[in-house]
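**Q** If it helps, the file is called target-v6.cif and holds mmCIF, N, CA and C atoms:
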```
data_start
loop_
_atom_site.group_PDB
_atom_site.id
_atom_site.type_symbol
_atom_site.label_atom_id
_atom_site.label_comp_id
_atom_site.auth_asym_id
_atom_site.auth_seq_id
_atom_site.Cartn_x
_atom_site.Cartn_y
_atom_site.Cartn_z
ATOM 1 N N MET A 1 -19.898 22.245 -12.668
ATOM 2 C CA MET A 1 -18.996 22.236 -11.527
ATOM 3 C C MET A 1 -18.461 23.652 -11.347
ATOM 4 N N HIS A 2 -18.424 24.085 -10.117
ATOM 5 C CA HIS A 2 -17.954 25.426 -9.797
ATOM 6 C C HIS A 2 -16.431 25.499 -9.945
ATOM 7 N N GLN A 3 -15.936 26.605 -10.482
ATOM 8 C CA GLN A 3 -14.498 26.763 -10.723
ATOM 9 C C GLN A 3 -13.689 26.661 -9.425
ATOM 10 N N ALA A 4 -14.226 27.186 -8.328
ATOM 11 C CA ALA A 4 -13.497 27.118 -7.052
ATOM 12 C C ALA A 4 -13.294 25.671 -6.609
ATOM 13 N N ALA A 5 -14.292 24.828 -6.827
ATOM 14 C CA ALA A 5 -14.161 23.415 -6.457
ATOM 15 C C ALA A 5 -13.065 22.762 -7.283
ATOM 16 N N ASP A 6 -13.008 23.095 -8.559
ATOM 17 C CA ASP A 6 -11.982 22.556 -9.440
ATOM 18 C C ASP A 6 -10.587 22.985 -8.974
ATOM 19 N N LEU A 7 -10.441 24.249 -8.594
ATOM 20 C CA LEU A 7 -9.136 24.749 -8.141
ATOM 21 C C LEU A 7 -8.704 24.092 -6.835
ATOM 22 N N GLN A 8 -9.641 23.910 -5.914
ATOM 23 C CA GLN A 8 -9.310 23.259 -4.646
ATOM 24 C C GLN A 8 -8.934 21.804 -4.866
ATOM 25 N N PHE A 9 -9.628 21.149 -5.774
ATOM 26 C CA PHE A 9 -9.310 19.755 -6.064
ATOM 27 C C PHE A 9 -7.935 19.664 -6.721
ATOM 28 N N GLU A 10 -7.633 20.587 -7.614
ATOM 29 C CA GLU A 10 -6.316 20.606 -8.254
ATOM 30 C C GLU A 10 -5.208 20.747 -7.209
ATOM 31 N N ARG A 11 -5.406 21.643 -6.259
ATOM 32 C CA ARG A 11 -4.425 21.819 -5.179
ATOM 33 C C ARG A 11 -4.243 20.519 -4.408
ATOM 34 N N SER A 12 -5.343 19.834 -4.119
ATOM 35 C CA SER A 12 -5.276 18.565 -3.392
ATOM 36 C C SER A 12 -4.521 17.509 -4.191
ATOM 37 N N VAL A 13 -4.734 17.459 -5.498
ATOM 38 C CA VAL A 13 -4.031 16.499 -6.346
ATOM 39 C C VAL A 13 -2.528 16.764 -6.291
ATOM 40 N N HIS A 14 -2.134 18.030 -6.398
ATOM 41 C CA HIS A 14 -0.700 18.365 -6.347
ATOM 42 C C HIS A 14 -0.101 18.029 -4.975
ATOM 43 N N GLU A 15 -0.859 18.275 -3.910
ATOM 44 C CA GLU A 15 -0.376 17.907 -2.574
ATOM 45 C C GLU A 15 -0.277 16.399 -2.426
ATOM 46 N N PHE A 16 -1.223 15.676 -3.005
ATOM 47 C CA PHE A 16 -1.183 14.214 -2.956
ATOM 48 C C PHE A 16 0.105 13.703 -3.602
ATOM 49 N N VAL A 17 0.492 14.284 -4.720
ATOM 50 C CA VAL A 17 1.729 13.889 -5.403
ATOM 51 C C VAL A 17 2.933 14.139 -4.499
ATOM 52 N N ARG A 18 2.995 15.298 -3.861
ATOM 53 C CA ARG A 18 4.094 15.602 -2.938
ATOM 54 C C ARG A 18 4.123 14.619 -1.777
ATOM 55 N N TRP A 19 2.946 14.316 -1.250
ATOM 56 C CA TRP A 19 2.811 13.410 -0.103
ATOM 57 C C TRP A 19 3.268 12.006 -0.463
ATOM 58 N N ARG A 20 2.861 11.502 -1.627
ATOM 59 C CA ARG A 20 3.246 10.154 -2.055
ATOM 60 C C ARG A 20 4.726 10.051 -2.404
ATOM 61 N N ALA A 21 5.372 11.179 -2.728
ATOM 62 C CA ALA A 21 6.796 11.171 -3.065
ATOM 63 C C ALA A 21 7.674 10.942 -1.832
ATOM 64 N N VAL A 22 7.114 11.164 -0.652
ATOM 65 C CA VAL A 22 7.854 10.961 0.596
ATOM 66 C C VAL A 22 7.806 9.475 0.947
ATOM 67 N N PRO A 23 8.944 8.869 1.279
ATOM 68 C CA PRO A 23 8.921 7.452 1.680
ATOM 69 C C PRO A 23 7.895 7.223 2.804
ATOM 70 N N GLU A 24 7.202 6.114 2.740
ATOM 71 C CA GLU A 24 6.081 5.860 3.651
ATOM 72 C C GLU A 24 6.448 5.996 5.124
ATOM 73 N N GLN A 25 7.633 5.528 5.511
ATOM 74 C CA GLN A 25 8.025 5.607 6.924
ATOM 75 C C GLN A 25 8.297 7.047 7.371
ATOM 76 N N GLU A 26 8.495 7.952 6.433
ATOM 77 C CA GLU A 26 8.745 9.358 6.753
ATOM 78 C C GLU A 26 7.525 10.232 6.499
ATOM 79 N N ARG A 27 6.510 9.669 5.874
ATOM 80 C CA ARG A 27 5.321 10.408 5.432
ATOM 81 C C ARG A 27 4.360 10.661 6.581
ATOM 82 N N SER A 28 3.802 11.853 6.611
ATOM 83 C CA SER A 28 2.767 12.184 7.590
ATOM 84 C C SER A 28 1.463 11.476 7.224
ATOM 85 N N PRO A 29 0.518 11.448 8.157
ATOM 86 C CA PRO A 29 -0.812 10.991 7.762
ATOM 87 C C PRO A 29 -1.349 11.941 6.681
ATOM 88 N N ALA A 30 -2.298 11.476 5.899
ATOM 89 C CA ALA A 30 -2.909 12.338 4.875
ATOM 90 C C ALA A 30 -3.622 13.496 5.566
ATOM 91 N N PRO A 31 -3.566 14.680 4.984
ATOM 92 C CA PRO A 31 -4.168 15.841 5.647
ATOM 93 C C PRO A 31 -5.689 15.888 5.519
ATOM 94 N N ALA A 32 -6.340 16.279 6.596
ATOM 95 C CA ALA A 32 -7.802 16.345 6.632
ATOM 96 C C ALA A 32 -8.345 17.398 5.682
ATOM 97 N N TRP A 33 -7.545 18.368 5.301
ATOM 98 C CA TRP A 33 -8.068 19.406 4.405
ATOM 99 C C TRP A 33 -8.371 18.860 3.010
ATOM 100 N N TRP A 34 -8.036 17.597 2.724
ATOM 101 C CA TRP A 34 -8.438 16.981 1.458
ATOM 102 C C TRP A 34 -9.907 16.566 1.466
ATOM 103 N N TRP A 35 -10.503 16.414 2.645
ATOM 104 C CA TRP A 35 -11.889 15.966 2.736
ATOM 105 C C TRP A 35 -12.824 16.878 1.961
ATOM 106 N N GLY A 36 -12.719 18.188 2.166
ATOM 107 C CA GLY A 36 -13.639 19.142 1.549
ATOM 108 C C GLY A 36 -13.708 19.013 0.034
ATOM 109 N N PRO A 37 -12.565 19.205 -0.656
ATOM 110 C CA PRO A 37 -12.607 19.071 -2.118
ATOM 111 C C PRO A 37 -13.033 17.686 -2.588
ATOM 112 N N ALA A 38 -12.618 16.651 -1.876
ATOM 113 C CA ALA A 38 -12.973 15.290 -2.285
ATOM 114 C C ALA A 38 -14.476 15.047 -2.137
ATOM 115 N N PHE A 39 -15.064 15.470 -1.026
ATOM 116 C CA PHE A 39 -16.498 15.277 -0.839
ATOM 117 C C PHE A 39 -17.309 16.113 -1.817
ATOM 118 N N GLU A 40 -16.829 17.298 -2.114
ATOM 119 C CA GLU A 40 -17.559 18.163 -3.036
ATOM 120 C C GLU A 40 -17.636 17.558 -4.442
ATOM 121 N N LEU A 41 -16.600 16.830 -4.846
ATOM 122 C CA LEU A 41 -16.559 16.301 -6.211
ATOM 123 C C LEU A 41 -16.779 14.792 -6.299
ATOM 124 N N ARG A 42 -17.149 14.155 -5.210
ATOM 125 C CA ARG A 42 -17.277 12.699 -5.230
ATOM 126 C C ARG A 42 -18.406 12.192 -6.113
ATOM 127 N N GLY A 43 -19.332 13.042 -6.505
ATOM 128 C CA GLY A 43 -20.411 12.615 -7.382
ATOM 129 C C GLY A 43 -20.286 13.158 -8.800
ATOM 130 N N VAL A 44 -19.172 13.832 -9.095
ATOM 131 C CA VAL A 44 -19.003 14.459 -10.412
ATOM 132 C C VAL A 44 -18.370 13.450 -11.371
ATOM 133 N N GLU A 45 -19.119 13.088 -12.382
ATOM 134 C CA GLU A 45 -18.651 12.071 -13.333
ATOM 135 C C GLU A 45 -17.940 12.662 -14.555
ATOM 136 N N LEU A 46 -17.659 13.952 -14.546
ATOM 137 C CA LEU A 46 -16.897 14.566 -15.642
ATOM 138 C C LEU A 46 -15.464 14.057 -15.611
ATOM 139 N N PRO A 47 -14.818 13.935 -16.769
ATOM 140 C CA PRO A 47 -13.427 13.455 -16.777
ATOM 141 C C PRO A 47 -12.455 14.503 -16.241
ATOM 142 N N MET A 48 -11.488 14.032 -15.490
ATOM 143 C CA MET A 48 -10.420 14.901 -14.991
ATOM 144 C C MET A 48 -9.394 15.109 -16.099
ATOM 145 N N PRO A 49 -8.573 16.168 -15.976
ATOM 146 C CA PRO A 49 -7.452 16.305 -16.907
ATOM 147 C C PRO A 49 -6.544 15.063 -16.831
ATOM 148 N N ALA A 50 -5.945 14.697 -17.948
ATOM 149 C CA ALA A 50 -5.099 13.498 -18.023
ATOM 150 C C ALA A 50 -3.954 13.537 -17.018
ATOM 151 N N GLU A 51 -3.370 14.704 -16.810
ATOM 152 C CA GLU A 51 -2.255 14.824 -15.856
ATOM 153 C C GLU A 51 -2.705 14.452 -14.449
ATOM 154 N N TRP A 52 -3.900 14.858 -14.062
ATOM 155 C CA TRP A 52 -4.406 14.531 -12.729
ATOM 156 C C TRP A 52 -4.673 13.044 -12.612
ATOM 157 N N CYS A 53 -5.224 12.464 -13.671
ATOM 158 C CA CYS A 53 -5.466 11.015 -13.661
ATOM 159 C C CYS A 53 -4.154 10.277 -13.418
ATOM 160 N N SER A 54 -3.132 10.676 -14.140
ATOM 161 C CA SER A 54 -1.822 10.047 -13.995
ATOM 162 C C SER A 54 -1.272 10.252 -12.582
ATOM 163 N N SER A 55 -1.420 11.461 -12.055
ATOM 164 C CA SER A 55 -0.916 11.770 -10.712
ATOM 165 C C SER A 55 -1.579 10.922 -9.639
ATOM 166 N N LEU A 56 -2.839 10.555 -9.871
ATOM 167 C CA LEU A 56 -3.587 9.752 -8.903
ATOM 168 C C LEU A 56 -3.560 8.261 -9.243
ATOM 169 N N ALA A 57 -2.718 7.879 -10.214
ATOM 170 C CA ALA A 57 -2.579 6.487 -10.664
ATOM 171 C C ALA A 57 -3.905 5.924 -11.167
ATOM 172 N N LEU A 58 -4.642 6.750 -11.896
ATOM 173 C CA LEU A 58 -5.908 6.347 -12.491
ATOM 174 C C LEU A 58 -5.774 6.350 -14.011
ATOM 175 N N PRO A 59 -6.588 5.567 -14.694
ATOM 176 C CA PRO A 59 -6.543 5.570 -16.153
ATOM 177 C C PRO A 59 -6.974 6.925 -16.717
ATOM 178 N N ALA A 60 -6.424 7.289 -17.849
ATOM 179 C CA ALA A 60 -6.811 8.532 -18.525
ATOM 180 C C ALA A 60 -8.321 8.529 -18.733
ATOM 181 N N GLY A 61 -8.932 9.686 -18.543
ATOM 182 C CA GLY A 61 -10.375 9.799 -18.710
ATOM 183 C C GLY A 61 -11.169 9.483 -17.464
ATOM 184 N N SER A 62 -10.487 9.183 -16.351
ATOM 185 C CA SER A 62 -11.201 8.897 -15.096
ATOM 186 C C SER A 62 -11.933 10.148 -14.617
ATOM 187 N N SER A 63 -12.990 9.922 -13.892
ATOM 188 C CA SER A 63 -13.836 11.025 -13.427
ATOM 189 C C SER A 63 -13.278 11.686 -12.163
ATOM 190 N N TYR A 64 -13.818 12.878 -11.908
ATOM 191 C CA TYR A 64 -13.497 13.556 -10.653
ATOM 192 C C TYR A 64 -13.920 12.688 -9.473
ATOM 193 N N ALA A 65 -15.025 11.952 -9.621
ATOM 194 C CA ALA A 65 -15.493 11.064 -8.554
ATOM 195 C C ALA A 65 -14.446 9.993 -8.244
ATOM 196 N N ALA A 66 -13.817 9.449 -9.272
ATOM 197 C CA ALA A 66 -12.772 8.439 -9.058
ATOM 198 C C ALA A 66 -11.566 9.065 -8.356
ATOM 199 N N GLY A 67 -11.210 10.279 -8.746
ATOM 200 C CA GLY A 67 -10.107 10.978 -8.078
ATOM 201 C C GLY A 67 -10.430 11.273 -6.632
ATOM 202 N N ALA A 68 -11.677 11.655 -6.375
ATOM 203 C CA ALA A 68 -12.098 11.919 -5.000
ATOM 204 C C ALA A 68 -11.982 10.655 -4.156
ATOM 205 N N GLU A 69 -12.308 9.504 -4.722
ATOM 206 C CA GLU A 69 -12.194 8.242 -3.991
ATOM 207 C C GLU A 69 -10.740 7.944 -3.616
ATOM 208 N N VAL A 70 -9.800 8.298 -4.478
ATOM 209 C CA VAL A 70 -8.379 8.097 -4.158
ATOM 210 C C VAL A 70 -8.006 8.942 -2.941
ATOM 211 N N LEU A 71 -8.419 10.214 -2.958
ATOM 212 C CA LEU A 71 -8.101 11.087 -1.822
ATOM 213 C C LEU A 71 -8.779 10.603 -0.550
ATOM 214 N N LEU A 72 -10.039 10.254 -0.645
ATOM 215 C CA LEU A 72 -10.758 9.766 0.536
ATOM 216 C C LEU A 72 -10.167 8.451 1.046
ATOM 217 N N GLY A 73 -9.731 7.604 0.133
ATOM 218 C CA GLY A 73 -9.109 6.343 0.528
ATOM 219 C C GLY A 73 -7.821 6.543 1.309
ATOM 220 N N SER A 74 -7.097 7.606 0.994
ATOM 221 C CA SER A 74 -5.850 7.871 1.717
ATOM 222 C C SER A 74 -6.115 8.326 3.142
ATOM 223 N N LEU A 75 -7.332 8.798 3.405
ATOM 224 C CA LEU A 75 -7.699 9.275 4.738
ATOM 225 C C LEU A 75 -8.343 8.190 5.600
ATOM 226 N N ALA A 76 -8.817 7.149 4.978
ATOM 227 C CA ALA A 76 -9.558 6.107 5.697
ATOM 228 C C ALA A 76 -8.688 5.423 6.753
ATOM 229 N N GLY A 77 -9.243 5.244 7.902
ATOM 230 C CA GLY A 77 -8.564 4.513 8.962
ATOM 231 C C GLY A 77 -7.513 5.292 9.736
ATOM 232 N N GLN A 78 -7.335 6.543 9.406
ATOM 233 C CA GLN A 78 -6.321 7.319 10.136
ATOM 234 C C GLN A 78 -6.799 7.668 11.529
ATOM 235 N N THR A 79 -5.854 7.725 12.449
ATOM 236 C CA THR A 79 -6.186 8.088 13.823
ATOM 237 C C THR A 79 -5.492 9.373 14.255
ATOM 238 N N SER A 80 -4.703 9.964 13.356
ATOM 239 C CA SER A 80 -4.048 11.236 13.665
ATOM 240 C C SER A 80 -3.948 12.053 12.383
ATOM 241 N N LEU A 81 -3.670 13.326 12.555
ATOM 242 C CA LEU A 81 -3.552 14.240 11.422
ATOM 243 C C LEU A 81 -2.200 14.950 11.464
ATOM 244 N N PRO A 82 -1.697 15.392 10.320
ATOM 245 C CA PRO A 82 -0.426 16.108 10.318
ATOM 246 C C PRO A 82 -0.611 17.558 10.734
ATOM 247 N N TRP A 83 0.462 18.154 11.223
ATOM 248 C CA TRP A 83 0.470 19.601 11.423
ATOM 249 C C TRP A 83 0.723 20.219 10.061
ATOM 250 N N PRO A 84 0.002 21.281 9.706
ATOM 251 C CA PRO A 84 0.180 21.876 8.377
ATOM 252 C C PRO A 84 1.619 22.262 8.066
ATOM 253 N N GLY A 85 2.377 22.724 9.049
ATOM 254 C CA GLY A 85 3.759 23.128 8.809
ATOM 255 C C GLY A 85 4.691 21.961 8.534
ATOM 256 N N GLY A 86 4.315 20.752 8.942
ATOM 257 C CA GLY A 86 5.172 19.594 8.746
ATOM 258 C C GLY A 86 4.823 18.759 7.535
ATOM 259 N N PHE A 87 3.659 18.998 6.949
ATOM 260 C CA PHE A 87 3.218 18.237 5.791
ATOM 261 C C PHE A 87 4.223 18.391 4.662
ATOM 262 N N PRO A 88 4.622 17.361 3.973
ATOM 263 C CA PRO A 88 4.091 16.006 3.940
ATOM 264 C C PRO A 88 4.898 15.021 4.787
ATOM 265 N N TYR A 89 5.747 15.522 5.692
ATOM 266 C CA TYR A 89 6.598 14.632 6.492
ATOM 267 C C TYR A 89 5.981 14.350 7.848
ATOM 268 N N ARG A 90 6.371 13.214 8.429
ATOM 269 C CA ARG A 90 5.940 12.795 9.755
ATOM 270 C C ARG A 90 6.528 13.760 10.798
ATOM 271 N N ALA A 91 5.816 13.951 11.888
ATOM 272 C CA ALA A 91 6.286 14.822 12.965
ATOM 273 C C ALA A 91 7.666 14.384 13.437
ATOM 274 N N GLY A 92 8.546 15.326 13.633
ATOM 275 C CA GLY A 92 9.888 15.034 14.114
ATOM 276 C C GLY A 92 10.885 14.727 13.022
ATOM 277 N N TYR A 93 10.416 14.558 11.789
ATOM 278 C CA TYR A 93 11.324 14.280 10.677
ATOM 279 C C TYR A 93 11.676 15.585 9.998
ATOM 280 N N SER A 94 12.941 15.792 9.735
ATOM 281 C CA SER A 94 13.394 16.997 9.051
ATOM 282 C C SER A 94 14.031 16.619 7.722
ATOM 283 N N PRO A 95 13.404 17.020 6.611
ATOM 284 C CA PRO A 95 13.945 16.662 5.305
ATOM 285 C C PRO A 95 15.145 17.497 4.889
ATOM 286 N N GLY A 96 15.549 18.441 5.718
ATOM 287 C CA GLY A 96 16.630 19.338 5.343
ATOM 288 C C GLY A 96 16.053 20.633 4.801
ATOM 289 N N PRO A 97 16.901 21.484 4.240
ATOM 290 C CA PRO A 97 16.393 22.772 3.755
ATOM 291 C C PRO A 97 15.417 22.578 2.599
ATOM 292 N N VAL A 98 14.359 23.360 2.637
ATOM 293 C CA VAL A 98 13.349 23.322 1.581
ATOM 294 C C VAL A 98 13.676 24.395 0.570
ATOM 295 N N ILE A 99 13.757 24.006 -0.680
ATOM 296 C CA ILE A 99 14.046 24.954 -1.744
ATOM 297 C C ILE A 99 12.757 25.192 -2.512
ATOM 298 N N GLU A 100 12.276 26.431 -2.457
ATOM 299 C CA GLU A 100 11.055 26.782 -3.163
ATOM 300 C C GLU A 100 11.351 26.966 -4.641
ATOM 301 N N GLN A 101 10.509 26.385 -5.465
ATOM 302 C CA GLN A 101 10.650 26.544 -6.905
ATOM 303 C C GLN A 101 9.590 27.503 -7.398
ATOM 304 N N PRO A 102 9.928 28.347 -8.368
ATOM 305 C CA PRO A 102 8.940 29.315 -8.864
ATOM 306 C C PRO A 102 7.804 28.624 -9.583
#
```
Rewrite the structure from the file as structure tokens, please.
**A**
Amino acid sequence: MHQAADLQFERSVHEFVRWRAVPEQERSPAPAWWWGPAFELRGVELPMPAEWCSSLALPAGSSYAAGAEVLLGSLAGQTSLPWPGGFPYRAGYSPGPVIEQP
């Protein structure tokens, strides 16, 4: 597996965690930029790091393919996409000031 694919998938996993932390009624649709990393790794049967498995609500030792299915499943059936600046919140919702953590 190429290192760049792993890094992009890691970013998607972290974004998925942020997205799921938002209450569903305030949450934006899942972002389309998850498609690329998910499709690239959907056939990779290597185990993901345990932290990623936990973040995606998968059993420890789950494969990248299983993680990709979680991301792809969040996109299924959507009819709209979020604006990148508003992610992970629904359009028109303001969560208040954003505090960046180092």
**Q** Can you spell out as a PyMOL selection string the set of residues that the PyMOL selection byres ((chain A and resi 38) around 6.5) selects in the structure I just provided?
**A** chain A and resi 9+34-37+39-42+67-69+71-72
**Q** Can you spell out as a VMD selection string the set of residues that the PyMOL selection byres (((chain A and resi 26-28 and name CA) around 7) and name CA) selects in the structure I just provided?
**A** chain A and resid 19 22 to 25 29 to 30 82 87 to 91 93
**Q** Could you tell me how far atom N of A:Ala50 lies from atom N of A:Gln78, in Å and to one decimal?
**A**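 Answer for the atom N of A:Ala50 to atom N of A:Gln78 separation: 28.6 Å.
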**Q** Which residue, A:Val70, A:Ala32, A:Ala65, A:Ala57, has the smallest gap to A:Glu45 when you use only N, CA and C atoms?
**A**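 Among the listed residues, A:Ala65 lies closest to A:Glu45.
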**Q** Expressed in Å to a single decimal, how great is the separation between atom C of A:Cys53 and atom N of A:Glu10?
**A**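 Distance reported for this atom pair: 12.3 Å.
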